[in-house]
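*Asks:* A single structure is presented below for examination.
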Amino acid sequence: MSDARDDDLEVRLIEVEETVEVSTAAPTDDIPGMSAAPIDDIQGMSYEAARDALVAVVDRLERGGSSLEESLALWERGEALAARCETWLIGARARLDAARSTAPVDA
């Protein structure tokens with residue numbers, strides 16, 4: 001036996017389910033350096049391209065107004081871009097360290 005509260009709750013749940021919209025548009029098309037592929041294109045980026053795309057992602061997130069799904073996609077892309085930048089910086093540090101270790105020492 002159900003009471004009036006249970007029936008009211010069920011009606012509300014049905015109304016919410018009917019108004020849910022799923023965005024199929026790529027949320028990042030308007031951001032420079034971002035394609036419809038969320039992360040696949042990042043591995044081939046130069047440091048500068050990854051840095052610029054990361055700045056654009058951060059700017060978009062700070063402006064707000066994105067749906068939760070778009071925000072999550074942007075966050076994931078930003079994490080991947082930051083990792084790409086870090087990989088470049090680690091490589092640059094290794095090259096500098098190698099150059100220093102082989103450079104002649106002036107006495």
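Please note that chains go A, B, ... in the order of the structure tokens, that every chain numbers its residues from 1, and that ligands are numbered from 1 in the order shown.
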Env of segment 79-93 of chain A: 12 Å cut, atoms = only C-alpha atoms, seq-sep filter 4 positions within chain, self excluded. Answer as a count of residues only.
*Replies:* 31
*Asks:* One number please: atom CA of Gly78 of chain A to atom CA of Ala94 of chain A, in Å, one decimal.
*Replies:*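 Computing the Euclidean distance for atom CA of Gly78 of chain A and atom CA of Ala94 of chain A yields 24.2 Å.
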